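Trainee: Sharing upload15.csv, CSV, C-alpha atoms:
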chain,number,residue,atom,x,y,z
Z,1,ALA,CA,0.0,0.0,0.0
Z,2,LEU,CA,1.2,3.5,-0.8
Z,3,LEU,CA,0.9,4.8,2.8
Z,4,PRO,CA,3.4,7.5,3.9
Z,5,SER,CA,4.2,7.4,7.6
Z,6,LEU,CA,5.7,10.6,9.0
Z,7,SER,CA,7.5,10.6,12.4
Z,8,VAL,CA,7.2,13.7,14.5
Z,9,VAL,CA,9.1,13.9,17.7
Z,10,GLN,CA,7.4,15.9,20.5
Z,11,GLY,CA,9.6,18.5,22.1
Z,12,GLU,CA,10.9,19.5,18.6
Z,13,LYS,CA,7.5,20.4,17.3
Z,14,ASP,CA,8.5,23.2,14.8
Z,15,VAL,CA,11.3,21.4,13.0
Z,16,GLU,CA,9.7,17.9,13.1
Z,17,LEU,CA,6.3,19.1,12.0
Z,18,TYR,CA,7.9,20.9,9.1
Z,19,CYS,CA,9.6,17.5,8.2
Z,20,ALA,CA,6.2,15.7,8.4
Z,21,ALA,CA,4.6,18.4,6.2
Z,22,CYS,CA,7.4,18.2,3.7
Z,23,HIS,CA,7.1,14.4,3.4
Z,24,MET,CA,3.3,14.7,3.0
Z,25,LEU,CA,3.7,17.4,0.3
Z,26,VAL,CA,6.1,15.4,-1.8
Z,27,ASP,CA,4.3,12.1,-1.3
Z,28,GLU,CA,0.9,13.6,-2.3
Z,29,MET,CA,2.5,15.4,-5.3
Z,30,PHE,CA,4.0,12.1,-6.5
Z,31,TRP,CA,0.7,10.3,-6.1
Z,32,GLU,CA,-1.1,12.9,-8.2
Z,33,LEU,CA,1.5,12.9,-10.9
Z,34,LYS,CA,1.6,9.1,-11.1
Z,35,ASN,CA,-2.1,8.6,-11.4
Z,36,HIS,CA,-3.3,11.4,-13.7
Z,37,HIS,CA,-2.8,11.8,-17.5
Z,38,PRO,CA,0.6,10.0,-17.6
Z,39,LYS,CA,1.0,10.3,-21.4
Z,40,LYS,CA,-0.8,13.6,-22.1
Z,41,LYS,CA,1.1,16.3,-23.9
Z,42,ILE,CA,0.4,20.0,-24.2
Z,43,GLU,CA,1.8,22.7,-26.5
Z,44,VAL,CA,3.7,25.6,-24.9
Z,45,GLY,CA,5.8,28.5,-26.3
Z,46,SER,CA,5.0,31.5,-28.5
Z,47,PHE,CA,2.0,31.2,-30.8
Z,48,ARG,CA,3.0,34.4,-32.6
Z,49,LEU,CA,3.6,34.0,-36.3
Z,50,ASP,CA,7.2,34.7,-37.4
Z,51,ALA,CA,8.2,36.2,-40.8
Z,52,ASP,CA,7.7,32.8,-42.4
Z,53,GLY,CA,4.3,32.3,-41.0
Z,54,LYS,CA,5.4,29.7,-38.4
Z,55,THR,CA,4.9,29.5,-34.7
Z,56,HIS,CA,7.6,28.6,-32.1
Z,57,THR,CA,6.0,26.0,-29.8
Z,58,LYS,CA,6.9,22.7,-28.4
Z,59,LYS,CA,5.1,19.8,-26.8
Z,60,VAL,CA,5.9,19.0,-23.2
Z,61,ASP,CA,4.5,16.4,-20.7
Z,62,PHE,CA,1.3,17.7,-19.2
Z,63,LEU,CA,2.4,16.4,-15.8
Z,64,THR,CA,5.5,18.5,-15.7
Z,65,SER,CA,4.0,21.6,-17.2
Z,66,GLU,CA,4.2,24.8,-15.1
Z,67,ALA,CA,0.4,25.2,-15.4
Z,68,TYR,CA,-0.4,21.8,-14.0
Z,69,LEU,CA,2.2,21.8,-11.2
Z,70,THR,CA,1.2,25.2,-10.1
Z,71,GLU,CA,-2.4,24.1,-9.9
Z,72,LEU,CA,-1.4,21.1,-7.8
Z,73,PHE,CA,0.6,23.3,-5.4
Z,74,GLU,CA,-2.5,25.4,-4.7
Z,75,THR,CA,-4.5,22.3,-3.5
Z,76,VAL,CA,-2.0,19.6,-2.4
Z,77,CYS,CA,-1.9,20.8,1.3
Z,78,ASN,CA,-5.6,20.2,1.6
Z,79,GLU,CA,-4.7,16.5,1.8
Z,80,ALA,CA,-3.6,17.1,5.4
Z,81,GLU,CA,-7.2,16.7,6.4
Z,82,LYS,CA,-7.0,13.1,5.4
Z,83,TYR,CA,-4.2,12.4,7.9
Z,84,ILE,CA,-4.5,11.2,11.5
Z,85,GLN,CA,-2.1,10.9,14.4
Z,86,ASN,CA,-0.7,7.8,16.2
Z,87,THR,CA,1.2,8.3,19.4
Z,88,GLN,CA,4.1,5.8,19.8
Z,89,PRO,CA,5.4,4.4,23.1
Z,90,ASP,CA,8.6,6.5,22.7
Z,91,GLY,CA,6.6,9.7,22.5
Z,92,SER,CA,6.9,10.2,18.8
Z,93,ARG,CA,3.9,10.7,16.6
Z,94,ILE,CA,3.1,9.1,13.3
Z,95,PHE,CA,1.0,10.9,10.8
Z,96,ARG,CA,-0.7,8.7,8.2
Z,97,ARG,CA,-3.6,8.7,5.9
Z,98,MET,CA,-7.0,7.6,7.3
Z,99,GLN,CA,-7.3,5.3,4.3
Z,100,SER,CA,-4.9,3.8,1.9
Z,101,ARG,CA,-5.0,5.0,-1.7
Z,102,ASP,CA,-5.2,1.5,-3.1
Z,103,GLY,CA,-8.1,0.4,-0.9
Z,104,SER,CA,-6.0,-2.1,1.2
Z,105,PRO,CA,-7.0,-2.4,4.9
Z,106,LEU,CA,-5.1,-0.4,7.5
Z,107,ASN,CA,-4.2,-1.0,11.2
Z,108,LEU,CA,-5.8,1.9,13.0
Z,109,ASN,CA,-4.9,0.9,16.6
Z,110,ASN,CA,-4.1,3.7,18.9
Z,111,ILE,CA,-5.2,6.2,16.3
Z,112,THR,CA,-6.6,9.6,17.3
Z,113,TYR,CA,-7.8,12.5,15.3
Z,114,ASN,CA,-6.1,15.6,16.5
Z,115,PRO,CA,-7.6,18.7,14.7
Z,116,ASP,CA,-4.8,21.0,16.1
Z,117,ALA,CA,-2.1,18.7,14.8
Z,118,VAL,CA,-3.8,18.4,11.4
Z,119,LYS,CA,-4.2,22.2,11.2
Z,120,ALA,CA,-0.5,22.6,12.0
Z,121,LEU,CA,0.4,20.0,9.4
Z,122,ARG,CA,-1.6,21.9,6.8
Z,123,GLY,CA,-0.2,25.2,7.8
Z,124,TYR,CA,3.4,24.0,7.6
Z,125,CYS,CA,2.7,22.5,4.2
Z,126,ASP,CA,1.3,25.8,3.0
Z,127,ALA,CA,4.3,27.7,4.3
Z,128,THR,CA,6.7,25.2,2.6
Z,129,VAL,CA,4.9,25.6,-0.8
Z,130,GLU,CA,4.9,29.4,-0.4
Z,131,GLU,CA,8.6,29.6,0.3
Z,132,TYR,CA,9.9,27.0,-2.1
Z,133,GLU,CA,7.3,27.0,-5.0
Z,134,GLU,CA,9.8,28.0,-7.7
Z,135,LEU,CA,12.4,25.4,-6.6
Z,136,LEU,CA,9.8,22.7,-6.3
Z,137,LEU,CA,8.6,23.5,-9.8
Z,138,GLU,CA,12.1,23.1,-11.1
Z,139,LEU,CA,12.7,19.8,-9.1
Z,140,PHE,CA,9.5,18.2,-10.4
Z,141,GLN,CA,10.0,19.3,-13.9
Z,142,SER,CA,13.6,17.9,-13.9
Z,143,LYS,CA,12.3,14.7,-12.3
Z,144,HIS,CA,15.0,14.7,-9.7
Z,145,PRO,CA,16.0,11.0,-8.9
Z,146,ASP,CA,15.8,11.5,-5.1
Z,147,LEU,CA,13.5,14.5,-4.8
Z,148,LYS,CA,12.0,13.7,-1.4
Z,149,ASN,CA,15.4,13.4,0.4
Z,150,HIS,CA,17.0,16.1,-1.6
Z,151,PHE,CA,14.3,18.6,-0.9
Z,152,CYS,CA,13.3,17.7,2.7
Z,153,ILE,CA,16.9,17.2,4.0
Z,154,THR,CA,19.4,18.9,1.8
Z,155,VAL,CA,17.5,21.9,0.5
Z,156,THR,CA,15.1,22.9,3.3
Z,157,GLY,CA,16.9,21.2,6.3
Z,158,TYR,CA,13.5,20.3,7.7
Z,159,CYS,CA,14.4,16.6,8.2
Z,160,GLY,CA,17.5,14.9,9.5
Z,161,LYS,CA,19.4,15.1,12.9
Z,162,GLU,CA,21.9,17.6,11.5
Z,163,ALA,CA,19.3,19.8,9.9
Z,164,PRO,CA,19.3,23.4,10.8
Z,165,HIS,CA,16.2,25.0,12.3
Z,166,PRO,CA,14.0,26.3,9.5
Z,167,TYR,CA,14.1,29.8,11.0
Z,168,ALA,CA,17.9,30.0,11.2
Z,169,ALA,CA,19.8,32.4,9.0
Z,170,VAL,CA,17.2,35.1,9.0
Z,171,GLU,CA,19.2,37.2,6.5
Z,172,ALA,CA,19.4,34.3,4.1
Z,173,LYS,CA,15.7,33.9,4.3
Z,174,LYS,CA,15.1,37.6,3.5
Z,175,LYS,CA,17.3,37.2,0.5
Z,176,LYS,CA,15.4,34.1,-0.7
Z,177,ASP,CA,12.1,36.0,-0.2
Z,178,ALA,CA,13.3,38.9,-2.3
Z,179,GLU,CA,14.6,36.5,-5.1
Z,180,ARG,CA,11.3,34.6,-5.0
Z,181,GLU,CA,9.3,37.8,-5.4
Z,182,LYS,CA,11.6,38.9,-8.3
Z,183,ARG,CA,11.0,35.5,-10.1
Z,184,ARG,CA,7.2,35.8,-9.6
Z,185,ALA,CA,7.3,39.3,-11.0
Z,186,GLU,CA,9.3,38.1,-14.0
Z,187,ARG,CA,6.8,35.2,-14.5
Z,188,LYS,CA,3.9,37.6,-14.4
Z,189,LYS,CA,5.6,39.9,-16.9
Z,190,LYS,CA,6.3,36.9,-19.1
Z,191,LYS,CA,2.7,35.7,-19.0
Z,192,ALA,CA,1.4,39.2,-19.8
Z,193,ALA,CA,3.8,39.4,-22.8
Z,194,GLU,CA,2.7,36.0,-24.0
Z,195,LYS,CA,-1.0,37.0,-23.7
Z,196,LYS,CA,-0.3,40.1,-25.7
Z,197,GLU,CA,1.5,38.0,-28.4
Z,198,ARG,CA,-1.5,35.6,-28.6
Z,199,GLU,CA,-3.9,38.5,-28.9
Z,200,ALA,CA,-1.7,40.1,-31.7
Z,201,GLU,CA,-1.6,36.7,-33.4
Z,202,GLU,CA,-5.3,36.2,-33.2
Z,203,LYS,CA,-5.9,39.7,-34.6
Z,204,ALA,CA,-3.4,39.1,-37.4
Z,205,MET,CA,-5.1,35.8,-38.3
Z,206,LYS,CA,-8.5,37.4,-38.3
Z,207,GLU,CA,-7.2,40.2,-40.6
Z,208,ALA,CA,-5.5,37.6,-42.9
Z,209,LYS,CA,-8.8,35.6,-43.1
Z,210,LYS,CA,-10.7,38.7,-43.8
Z,211,LYS,CA,-8.3,39.7,-46.5
Z,212,ALA,CA,-8.3,36.2,-48.1
Z,213,LYS,CA,-12.1,36.2,-48.1
Z,214,LYS,CA,-12.1,39.6,-49.8
Z,215,GLU,CA,-9.6,38.4,-52.4
Z,216,ALA,CA,-11.6,35.3,-53.0
Z,217,LYS,CA,-14.7,37.4,-53.7
Z,218,LYS,CA,-12.8,39.6,-56.1
Z,219,LYS,CA,-11.5,36.6,-58.0
Z,220,ALA,CA,-15.0,35.1,-58.2
Z,221,LYS,CA,-16.4,38.3,-59.7
Z,222,LYS,CA,-13.6,38.4,-62.3
Z,223,GLU,CA,-14.3,34.8,-63.3
Z,224,GLU,CA,-18.0,35.6,-63.7
Z,225,LEU,CA,-17.1,38.4,-66.1
In structure tokens, write the structure found in this file.

Mentor:
Amino acid sequence: ALLPSLSVVQGEKDVELYCAACHMLVDEMFWELKNHHPKKKIEVGSFRLDADGKTHTKKVDFLTSEAYLTELFETVCNEAEKYIQNTQPDGSRIFRRMQSRDGSPLNLNNITYNPDAVKALRGYCDATVEEYEELLLELFQSKHPDLKNHFCITVTGYCGKEAPHPYAAVEAKKKKDAEREKRRAERKKKKAAEKKEREAEEKAMKEAKKKAKKEAKKKAKKEEL
């Protein structure tokens, strides 16, 4: 059964809940990508006609397209509501789904639903997406071979004994925030430019059709004469 189990040690709530949320985020993303439209392709690029009357587009996997991944990032943390908490003898807590994705039976002994813990899990997931959305987009598009460990341990430092606290290096975080905002602004500008190009192309195509129709009428009249 595809059933992620996320250990959260009490006493280190902030760091460990971030680790749990990070695992949940990556696991749920992988599940969605694995089970939806595996072979679908979409066309991206500029649809504006060049001097030769051609467009510069290419087909990419739907699952790794920016549009689809961004859409998933907006909803994936809602899955936290499907997780419940199990307190272990050593004081650690396991977060797991209330039901397996493939329908296999689960052992739900010592399971409790803790709305506060679920709310925290959701909040930490949202915070992770907000801070690292651009990088997550790049990692999923590049199909990183060890994305979960690379992102949750090496990149964010949320998981692992030697991991730094997520709020360490305040200045570094401020710099990341500024860079992220800059990238978002660039993406917004790019989308606006692409929209303008599409509108210009549509206008040009309409004018071309109108002109062709007009020429056809002239030709028909000449033939009648």

Trainee: Give the answer as one residue: which of Z:Ala178, Z:Lys213, Z:Glu66, Z:Glu202 has the shortest atom-to-atom distance to Leu139 of chain Z, using all atoms listed in the file?

Mentor: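 Looking at the shortest contact to Leu139 of chain Z, the residue is Z:Glu66.
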
Trainee: Please determine the residues with any atom at most 8 Å from (-4.6, 15.9, 4.9) (coordinates as given in the file, with all atoms listed in the file counting) and report them as a list in words.

Mentor: Cys77, Asn78, Glu79, Ala80, Glu81, Lys82, Tyr83, Arg97, Val118, Leu121 and Arg122 of chain Z

Trainee: Nearest to Glu74 of chain Z: which of Z:Glu133, Z:Asn114, Z:Arg187, Z:His144 is it, counting all atoms listed in the file?

Mentor: Z:Glu133

Trainee: Tell me, in Å to one decimal, how far atom CA of Thr70 of chain Z is from atom CA of Glu134 of chain Z.

Mentor: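 About the pair atom CA of Thr70 of chain Z and atom CA of Glu134 of chain Z: they are 9.4 Å apart.
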
Trainee: Give me, please, the distance in Å between atom CA of Tyr158 of chain Z and atom CA of Ile84 of chain Z, quoted to one decimal.

Mentor: 20.5 Å

Trainee: Output segment 184-203 of chain Z as a PDB file, in the coordinates of the input, making sure N, CA, C and O atoms are there.

Mentor:
ATOM      1  N   ARG Z 184       8.682  35.771  -9.361  1.00  0.00           N
ATOM      2  CA  ARG Z 184       7.200  35.800  -9.600  1.00  0.00           C
ATOM      3  C   ARG Z 184       6.861  37.010 -10.466  1.00  0.00           C
ATOM      4  O   ARG Z 184       5.999  36.892 -11.335  1.00  0.00           O
ATOM      5  N   ALA Z 185       7.528  38.144 -10.219  1.00  0.00           N
ATOM      6  CA  ALA Z 185       7.300  39.300 -11.000  1.00  0.00           C
ATOM      7  C   ALA Z 185       7.668  39.077 -12.483  1.00  0.00           C
ATOM      8  O   ALA Z 185       6.964  39.479 -13.422  1.00  0.00           O
ATOM      9  N   GLU Z 186       8.792  38.371 -12.678  1.00  0.00           N
ATOM     10  CA  GLU Z 186       9.300  38.100 -14.000  1.00  0.00           C
ATOM     11  C   GLU Z 186       8.291  37.109 -14.722  1.00  0.00           C
ATOM     12  O   GLU Z 186       8.021  37.256 -15.918  1.00  0.00           O
ATOM     13  N   ARG Z 187       7.785  36.132 -13.969  1.00  0.00           N
ATOM     14  CA  ARG Z 187       6.800  35.200 -14.500  1.00  0.00           C
ATOM     15  C   ARG Z 187       5.527  35.920 -14.930  1.00  0.00           C
ATOM     16  O   ARG Z 187       4.924  35.653 -15.973  1.00  0.00           O
ATOM     17  N   LYS Z 188       5.098  36.844 -14.072  1.00  0.00           N
ATOM     18  CA  LYS Z 188       3.900  37.600 -14.400  1.00  0.00           C
ATOM     19  C   LYS Z 188       4.073  38.448 -15.607  1.00  0.00           C
ATOM     20  O   LYS Z 188       3.180  38.534 -16.461  1.00  0.00           O
ATOM     21  N   LYS Z 189       5.249  39.060 -15.717  1.00  0.00           N
ATOM     22  CA  LYS Z 189       5.600  39.900 -16.900  1.00  0.00           C
ATOM     23  C   LYS Z 189       5.602  39.030 -18.135  1.00  0.00           C
ATOM     24  O   LYS Z 189       5.108  39.432 -19.195  1.00  0.00           O
ATOM     25  N   LYS Z 190       6.181  37.834 -18.008  1.00  0.00           N
ATOM     26  CA  LYS Z 190       6.300  36.900 -19.100  1.00  0.00           C
ATOM     27  C   LYS Z 190       4.904  36.484 -19.619  1.00  0.00           C
ATOM     28  O   LYS Z 190       4.621  36.443 -20.817  1.00  0.00           O
ATOM     29  N   LYS Z 191       4.031  36.149 -18.663  1.00  0.00           N
ATOM     30  CA  LYS Z 191       2.700  35.700 -19.000  1.00  0.00           C
ATOM     31  C   LYS Z 191       1.912  36.836 -19.707  1.00  0.00           C
ATOM     32  O   LYS Z 191       1.155  36.601 -20.643  1.00  0.00           O
ATOM     33  N   ALA Z 192       2.118  38.070 -19.211  1.00  0.00           N
ATOM     34  CA  ALA Z 192       1.400  39.200 -19.800  1.00  0.00           C
ATOM     35  C   ALA Z 192       1.905  39.415 -21.254  1.00  0.00           C
ATOM     36  O   ALA Z 192       1.108  39.696 -22.153  1.00  0.00           O
ATOM     37  N   ALA Z 193       3.227  39.249 -21.461  1.00  0.00           N
ATOM     38  CA  ALA Z 193       3.800  39.400 -22.800  1.00  0.00           C
ATOM     39  C   ALA Z 193       3.258  38.314 -23.738  1.00  0.00           C
ATOM     40  O   ALA Z 193       2.933  38.574 -24.905  1.00  0.00           O
ATOM     41  N   GLU Z 194       3.171  37.070 -23.223  1.00  0.00           N
ATOM     42  CA  GLU Z 194       2.700  36.000 -24.000  1.00  0.00           C
ATOM     43  C   GLU Z 194       1.196  36.183 -24.394  1.00  0.00           C
ATOM     44  O   GLU Z 194       0.768  35.882 -25.510  1.00  0.00           O
ATOM     45  N   LYS Z 195       0.434  36.723 -23.444  1.00  0.00           N
ATOM     46  CA  LYS Z 195      -1.000  37.000 -23.700  1.00  0.00           C
ATOM     47  C   LYS Z 195      -1.100  38.069 -24.805  1.00  0.00           C
ATOM     48  O   LYS Z 195      -1.930  37.959 -25.711  1.00  0.00           O
ATOM     49  N   LYS Z 196      -0.244  39.068 -24.720  1.00  0.00           N
ATOM     50  CA  LYS Z 196      -0.300  40.100 -25.700  1.00  0.00           C
ATOM     51  C   LYS Z 196       0.090  39.581 -27.088  1.00  0.00           C
ATOM     52  O   LYS Z 196      -0.508  39.961 -28.104  1.00  0.00           O
ATOM     53  N   GLU Z 197       1.069  38.649 -27.128  1.00  0.00           N
ATOM     54  CA  GLU Z 197       1.500  38.000 -28.400  1.00  0.00           C
ATOM     55  C   GLU Z 197       0.327  37.214 -28.983  1.00  0.00           C
ATOM     56  O   GLU Z 197       0.074  37.255 -30.189  1.00  0.00           O
ATOM     57  N   ARG Z 198      -0.349  36.446 -28.111  1.00  0.00           N
ATOM     58  CA  ARG Z 198      -1.500  35.600 -28.600  1.00  0.00           C
ATOM     59  C   ARG Z 198      -2.585  36.507 -29.156  1.00  0.00           C
ATOM     60  O   ARG Z 198      -3.172  36.191 -30.187  1.00  0.00           O
ATOM     61  N   GLU Z 199      -2.860  37.607 -28.458  1.00  0.00           N
ATOM     62  CA  GLU Z 199      -3.900  38.500 -28.900  1.00  0.00           C
ATOM     63  C   GLU Z 199      -3.522  39.134 -30.275  1.00  0.00           C
ATOM     64  O   GLU Z 199      -4.361  39.284 -31.160  1.00  0.00           O
ATOM     65  N   ALA Z 200      -2.211  39.480 -30.410  1.00  0.00           N
ATOM     66  CA  ALA Z 200      -1.700  40.100 -31.700  1.00  0.00           C
ATOM     67  C   ALA Z 200      -1.831  39.030 -32.789  1.00  0.00           C
ATOM     68  O   ALA Z 200      -2.198  39.346 -33.927  1.00  0.00           O
ATOM     69  N   GLU Z 201      -1.500  37.784 -32.450  1.00  0.00           N
ATOM     70  CA  GLU Z 201      -1.600  36.700 -33.400  1.00  0.00           C
ATOM     71  C   GLU Z 201      -2.997  36.459 -33.887  1.00  0.00           C
ATOM     72  O   GLU Z 201      -3.278  36.307 -35.078  1.00  0.00           O
ATOM     73  N   GLU Z 202      -3.915  36.431 -32.907  1.00  0.00           N
ATOM     74  CA  GLU Z 202      -5.300  36.200 -33.200  1.00  0.00           C
ATOM     75  C   GLU Z 202      -5.851  37.345 -34.120  1.00  0.00           C
ATOM     76  O   GLU Z 202      -6.607  37.106 -35.065  1.00  0.00           O
ATOM     77  N   LYS Z 203      -5.432  38.571 -33.804  1.00  0.00           N
ATOM     78  CA  LYS Z 203      -5.900  39.700 -34.600  1.00  0.00           C
ATOM     79  C   LYS Z 203      -5.320  39.615 -36.028  1.00  0.00           C
ATOM     80  O   LYS Z 203      -6.030  39.861 -37.007  1.00  0.00           O
TER      81      LYS Z 203
END
